[in-house]
file start-v2.pdb (PDB, N, CA and C atoms)
ATOM      1  N   MET A   1     325.056 213.806 212.527
ATOM      2  CA  MET A   1     323.893 213.115 213.049
ATOM      3  C   MET A   1     322.968 212.743 211.893
ATOM      4  N   ALA A   2     322.510 211.501 211.871
ATOM      5  CA  ALA A   2     321.639 211.010 210.805
ATOM      6  C   ALA A   2     320.234 211.585 210.946
ATOM      7  N   ALA A   3     319.583 211.796 209.812
ATOM      8  CA  ALA A   3     318.202 212.267 209.815
ATOM      9  C   ALA A   3     317.285 211.129 210.236
ATOM     10  N   THR A   4     316.204 211.464 210.923
ATOM     11  CA  THR A   4     315.234 210.469 211.367
ATOM     12  C   THR A   4     313.834 210.865 210.926
ATOM     13  N   VAL A   5     312.925 209.884 210.980
ATOM     14  CA  VAL A   5     311.531 210.125 210.659
ATOM     15  C   VAL A   5     310.678 209.226 211.549
ATOM     16  N   GLU A   6     309.495 209.702 211.904
ATOM     17  CA  GLU A   6     308.548 208.932 212.697
ATOM     18  C   GLU A   6     307.553 208.274 211.749
ATOM     19  N   ILE A   7     307.399 206.944 211.850
ATOM     20  CA  ILE A   7     306.544 206.194 210.935
ATOM     21  C   ILE A   7     305.528 205.402 211.748
ATOM     22  N   PRO A   8     304.231 205.464 211.368
ATOM     23  CA  PRO A   8     303.214 204.695 212.084
ATOM     24  C   PRO A   8     303.285 203.205 211.766
ATOM     25  N   LEU A   9     302.836 202.390 212.738
ATOM     26  CA  LEU A   9     302.731 200.947 212.578
ATOM     27  C   LEU A   9     301.255 200.601 212.383
ATOM     28  N   ALA A  10     300.965 199.739 211.403
ATOM     29  CA  ALA A  10     299.581 199.358 211.102
ATOM     30  C   ALA A  10     299.419 197.852 211.241
ATOM     31  N   GLY A  11     298.479 197.433 212.082
ATOM     32  CA  GLY A  11     298.211 196.021 212.295
ATOM     33  C   GLY A  11     299.091 195.437 213.385
ATOM     34  N   GLY A  12     298.839 194.161 213.714
ATOM     35  CA  GLY A  12     299.647 193.473 214.700
ATOM     36  C   GLY A  12     299.493 194.041 216.100
ATOM     37  N   SER A  13     300.370 193.616 216.973
ATOM     38  CA  SER A  13     300.286 194.008 218.380
ATOM     39  C   SER A  13     300.618 195.475 218.629
ATOM     40  N   ALA A  14     301.313 196.126 217.705
ATOM     41  CA  ALA A  14     301.725 197.521 217.886
ATOM     42  C   ALA A  14     300.880 198.492 217.058
ATOM     43  N   ASP A  15     299.721 198.044 216.576
ATOM     44  CA  ASP A  15     298.865 198.885 215.741
ATOM     45  C   ASP A  15     298.591 200.233 216.406
ATOM     46  N   GLY A  16     298.797 201.301 215.652
ATOM     47  CA  GLY A  16     298.560 202.646 216.151
ATOM     48  C   GLY A  16     299.776 203.307 216.787
ATOM     49  N   GLN A  17     300.812 202.545 217.069
ATOM     50  CA  GLN A  17     302.033 203.115 217.620
ATOM     51  C   GLN A  17     302.892 203.674 216.486
ATOM     52  N   THR A  18     303.932 204.402 216.838
ATOM     53  CA  THR A  18     304.879 204.907 215.848
ATOM     54  C   THR A  18     306.296 204.527 216.268
ATOM     55  N   VAL A  19     307.194 204.512 215.293
ATOM     56  CA  VAL A  19     308.613 204.274 215.573
ATOM     57  C   VAL A  19     309.424 205.373 214.903
ATOM     58  N   VAL A  20     310.534 205.720 215.516
ATOM     59  CA  VAL A  20     311.460 206.684 214.930
ATOM     60  C   VAL A  20     312.628 205.888 214.364
ATOM     61  N   VAL A  21     312.878 206.069 213.055
ATOM     62  CA  VAL A  21     313.952 205.328 212.389
ATOM     63  C   VAL A  21     314.880 206.299 211.676
ATOM     64  N   GLU A  22     316.115 205.860 211.478
ATOM     65  CA  GLU A  22     317.091 206.667 210.738
ATOM     66  C   GLU A  22     316.896 206.477 209.245
ATOM     67  N   LEU A  23     317.081 207.550 208.498
ATOM     68  CA  LEU A  23     317.006 207.493 207.048
ATOM     69  C   LEU A  23     318.381 207.170 206.485
ATOM     70  N   ASP A  24     318.395 206.434 205.364
ATOM     71  CA  ASP A  24     319.682 206.122 204.734
ATOM     72  C   ASP A  24     320.179 207.329 203.943
ATOM     73  N   SER A  25     321.280 207.166 203.240
ATOM     74  CA  SER A  25     321.880 208.280 202.502
ATOM     75  C   SER A  25     320.997 208.773 201.359
ATOM     76  N   ASN A  26     320.000 207.980 200.968
ATOM     77  CA  ASN A  26     319.051 208.383 199.922
ATOM     78  C   ASN A  26     317.751 208.947 200.497
ATOM     79  N   GLY A  27     317.697 209.093 201.820
ATOM     80  CA  GLY A  27     316.517 209.657 202.464
ATOM     81  C   GLY A  27     315.381 208.671 202.652
ATOM     82  N   ARG A  28     315.690 207.368 202.669
ATOM     83  CA  ARG A  28     314.662 206.337 202.838
ATOM     84  C   ARG A  28     314.851 205.596 204.159
ATOM     85  N   PRO A  29     313.728 205.203 204.774
ATOM     86  CA  PRO A  29     313.821 204.400 206.009
ATOM     87  C   PRO A  29     314.120 202.938 205.690
ATOM     88  N   PRO A  30     314.446 202.132 206.710
ATOM     89  CA  PRO A  30     314.673 200.700 206.497
ATOM     90  C   PRO A  30     313.425 200.028 205.915
ATOM     91  N   LEU A  31     313.622 198.973 205.133
ATOM     92  CA  LEU A  31     312.495 198.278 204.482
ATOM     93  C   LEU A  31     311.638 197.495 205.469
ATOM     94  N   THR A  32     312.227 197.079 206.596
ATOM     95  CA  THR A  32     311.464 196.353 207.604
ATOM     96  C   THR A  32     311.759 196.901 208.997
ATOM     97  N   HIS A  33     310.821 196.636 209.898
ATOM     98  CA  HIS A  33     310.992 196.989 211.309
ATOM     99  C   HIS A  33     310.588 195.774 212.125
ATOM    100  N   HIS A  34     311.441 195.342 213.053
ATOM    101  CA  HIS A  34     311.122 194.249 213.958
ATOM    102  C   HIS A  34     310.683 194.862 215.284
ATOM    103  N   HIS A  35     309.405 194.767 215.567
ATOM    104  CA  HIS A  35     308.866 195.315 216.813
ATOM    105  C   HIS A  35     308.958 194.241 217.881
ATOM    106  N   LEU A  36     309.811 194.474 218.883
ATOM    107  CA  LEU A  36     310.071 193.478 219.909
ATOM    108  C   LEU A  36     308.905 193.335 220.869
ATOM    109  N   GLY A  37     308.613 192.095 221.233
ATOM    110  CA  GLY A  37     307.583 191.814 222.226
ATOM    111  C   GLY A  37     308.144 191.916 223.624
ATOM    112  N   GLU A  38     307.328 191.543 224.584
ATOM    113  CA  GLU A  38     307.739 191.614 225.991
ATOM    114  C   GLU A  38     308.964 190.744 226.266
ATOM    115  N   HIS A  39     309.116 189.648 225.523
ATOM    116  CA  HIS A  39     310.253 188.740 225.699
ATOM    117  C   HIS A  39     311.247 188.859 224.547
ATOM    118  N   GLY A  40     311.402 190.046 223.998
ATOM    119  CA  GLY A  40     312.377 190.307 222.945
ATOM    120  C   GLY A  40     312.013 189.666 221.617
ATOM    121  N   LEU A  41     313.013 189.129 220.929
ATOM    122  CA  LEU A  41     312.803 188.546 219.605
ATOM    123  C   LEU A  41     311.863 187.348 219.620
ATOM    124  N   ALA A  42     311.728 186.679 220.754
ATOM    125  CA  ALA A  42     310.847 185.522 220.846
ATOM    126  C   ALA A  42     309.391 185.900 220.570
ATOM    127  N   GLU A  43     309.042 187.168 220.758
ATOM    128  CA  GLU A  43     307.672 187.633 220.519
ATOM    129  C   GLU A  43     307.639 188.806 219.538
ATOM    130  N   ALA A  44     308.638 188.916 218.693
ATOM    131  CA  ALA A  44     308.720 190.054 217.769
ATOM    132  C   ALA A  44     307.736 189.915 216.612
ATOM    133  N   ASP A  45     307.260 191.046 216.144
ATOM    134  CA  ASP A  45     306.432 191.131 214.942
ATOM    135  C   ASP A  45     307.245 191.805 213.846
ATOM    136  N   ILE A  46     307.036 191.386 212.614
ATOM    137  CA  ILE A  46     307.719 191.998 211.474
ATOM    138  C   ILE A  46     306.758 192.954 210.778
ATOM    139  N   TYR A  47     307.241 194.163 210.550
ATOM    140  CA  TYR A  47     306.493 195.182 209.813
ATOM    141  C   TYR A  47     307.288 195.545 208.564
ATOM    142  N   GLU A  48     306.584 195.724 207.458
ATOM    143  CA  GLU A  48     307.224 196.024 206.174
ATOM    144  C   GLU A  48     306.824 197.427 205.709
ATOM    145  N   LEU A  49     307.793 198.154 205.194
ATOM    146  CA  LEU A  49     307.567 199.528 204.744
ATOM    147  C   LEU A  49     306.635 199.568 203.540
ATOM    148  N   GLU A  50     305.676 200.488 203.575
ATOM    149  CA  GLU A  50     304.783 200.745 202.448
ATOM    150  C   GLU A  50     304.736 202.243 202.190
ATOM    151  N   SER A  51     304.547 202.596 200.947
ATOM    152  CA  SER A  51     304.316 203.993 200.584
ATOM    153  C   SER A  51     302.828 204.271 200.650
ATOM    154  N   VAL A  52     302.468 205.417 201.173
ATOM    155  CA  VAL A  52     301.074 205.854 201.214
ATOM    156  C   VAL A  52     301.011 207.279 200.713
ATOM    157  N   ALA A  53     299.906 207.638 200.124
ATOM    158  CA  ALA A  53     299.768 208.951 199.502
ATOM    159  C   ALA A  53     299.520 210.061 200.520
ATOM    160  N   GLU A  54     298.954 209.718 201.668
ATOM    161  CA  GLU A  54     298.536 210.756 202.603
ATOM    162  C   GLU A  54     299.543 211.040 203.704
ATOM    163  N   GLY A  55     299.637 212.264 204.108
ATOM    164  CA  GLY A  55     300.384 212.676 205.288
ATOM    165  C   GLY A  55     301.894 212.497 205.240
ATOM    166  N   GLY A  56     302.582 213.338 205.989
ATOM    167  CA  GLY A  56     304.023 213.246 206.188
ATOM    168  C   GLY A  56     304.814 212.952 204.928
ATOM    169  N   ARG A  57     305.755 212.030 205.057
ATOM    170  CA  ARG A  57     306.577 211.634 203.924
ATOM    171  C   ARG A  57     305.921 210.511 203.134
ATOM    172  N   GLY A  58     304.786 210.033 203.603
ATOM    173  CA  GLY A  58     304.061 209.029 202.871
ATOM    174  C   GLY A  58     304.498 207.599 203.103
ATOM    175  N   TRP A  59     304.878 207.240 204.351
ATOM    176  CA  TRP A  59     305.279 205.869 204.660
ATOM    177  C   TRP A  59     304.517 205.351 205.855
ATOM    178  N   LEU A  60     304.374 204.028 205.894
ATOM    179  CA  LEU A  60     303.926 203.348 207.096
ATOM    180  C   LEU A  60     304.524 201.953 207.096
ATOM    181  N   TYR A  61     304.586 201.363 208.286
ATOM    182  CA  TYR A  61     305.027 199.977 208.416
ATOM    183  C   TYR A  61     303.782 199.124 208.638
ATOM    184  N   ARG A  62     303.529 198.168 207.728
ATOM    185  CA  ARG A  62     302.371 197.274 207.804
ATOM    186  C   ARG A  62     302.801 195.922 208.386
ATOM    187  N   TRP A  63     302.010 195.399 209.319
ATOM    188  CA  TRP A  63     302.298 194.125 209.969
ATOM    189  C   TRP A  63     302.267 192.988 208.957
ATOM    190  N   ARG A  64     303.283 192.125 208.993
ATOM    191  CA  ARG A  64     303.366 190.970 208.092
ATOM    192  C   ARG A  64     303.332 189.652 208.819
ATOM    193  N   GLY A  65     303.487 189.660 210.133
ATOM    194  CA  GLY A  65     303.405 188.424 210.901
ATOM    195  C   GLY A  65     304.477 188.344 211.969
ATOM    196  N   PRO A  66     304.452 187.248 212.735
ATOM    197  CA  PRO A  66     305.460 187.063 213.777
ATOM    198  C   PRO A  66     306.820 186.752 213.170
ATOM    199  N   ALA A  67     307.874 187.123 213.872
ATOM    200  CA  ALA A  67     309.237 186.898 213.383
ATOM    201  C   ALA A  67     309.634 185.430 213.514
ATOM    202  N   VAL A  68     309.021 184.702 214.432
ATOM    203  CA  VAL A  68     309.360 183.272 214.601
ATOM    204  C   VAL A  68     308.134 182.418 214.505
TER     205      VAL A  68
END
call {"tool": "encode", "arguments": {"input": "start-v2.pdb", "output": "structure tokens"}}
result
Amino acid sequence: MAATVEIPLAGGSADGQTVVVELDSNGRPPLTHHHLGEHGLAEADIYELESVAEGGRGWLYRWRGPAV
């Protein structure tokens, strides 16, 4: 079973929510997260991984804009 981590989302429609993602073989989460809207990819937001100094493993996903 792959290791997972919970990462907060900052900005965009999902601000304040968290996502659980699988870590790769080097212990890192995916570089981006596509947060699906009510109508799937048609309303998805793109979040990009950032390192932060505080809390947990020190990651968050920052909103970068709509996927389409």
call {"tool": "axis_aligned_box", "arguments": {"input": "start-v2.pdb", "around": "range 43-51 of chain A", "padding_each_side": "8 Å", "output": "JSON"}}
result
{"center_x": 305.9, "center_y": 195.7, "center_z": 210.7, "size_x": 22.2, "size_y": 33.1, "size_z": 36.2}
call {"tool": "residues_around", "arguments": {"input": "start-v2.pdb", "residues": "range 38-48 of chain A", "least_positions_apart": "3", "cutoff": "8 Å", "atoms": "all atoms listed in the file", "output": "list in words"}}
result
Leu9, Ala10, Gly12, Ser13, Ala14, Pro30, Leu31, Thr32, His33, His34, His35, Ser51, Leu60, Tyr61, Arg62, Trp63, Arg64, Gly65, Pro66, Ala67 and Val68 of chain A
call {"tool": "resolve_selection", "arguments": {"input": "start-v2.pdb", "expression": "the PyMOL selection byres ((chain A and resi 6) around 5)", "output": "VMD selection string"}}
result
chain A and resid 4 to 5 7 to 8 19 to 20
call {"tool": "atom_distance", "arguments": {"input": "start-v2.pdb", "atom1": "CA of Ala2 in chain A", "atom2": "CA of Val52 in chain A"}}
result
23.3 Å
call {"tool": "select_by_dssp", "arguments": {"input": "start-v2.pdb", "residues": "chain A", "states": "strand (DSSP E or B)", "output": "MDAnalysis selection string"}}
result
chainID A and resid 4:10 18:22 32:37 40:51 59:66
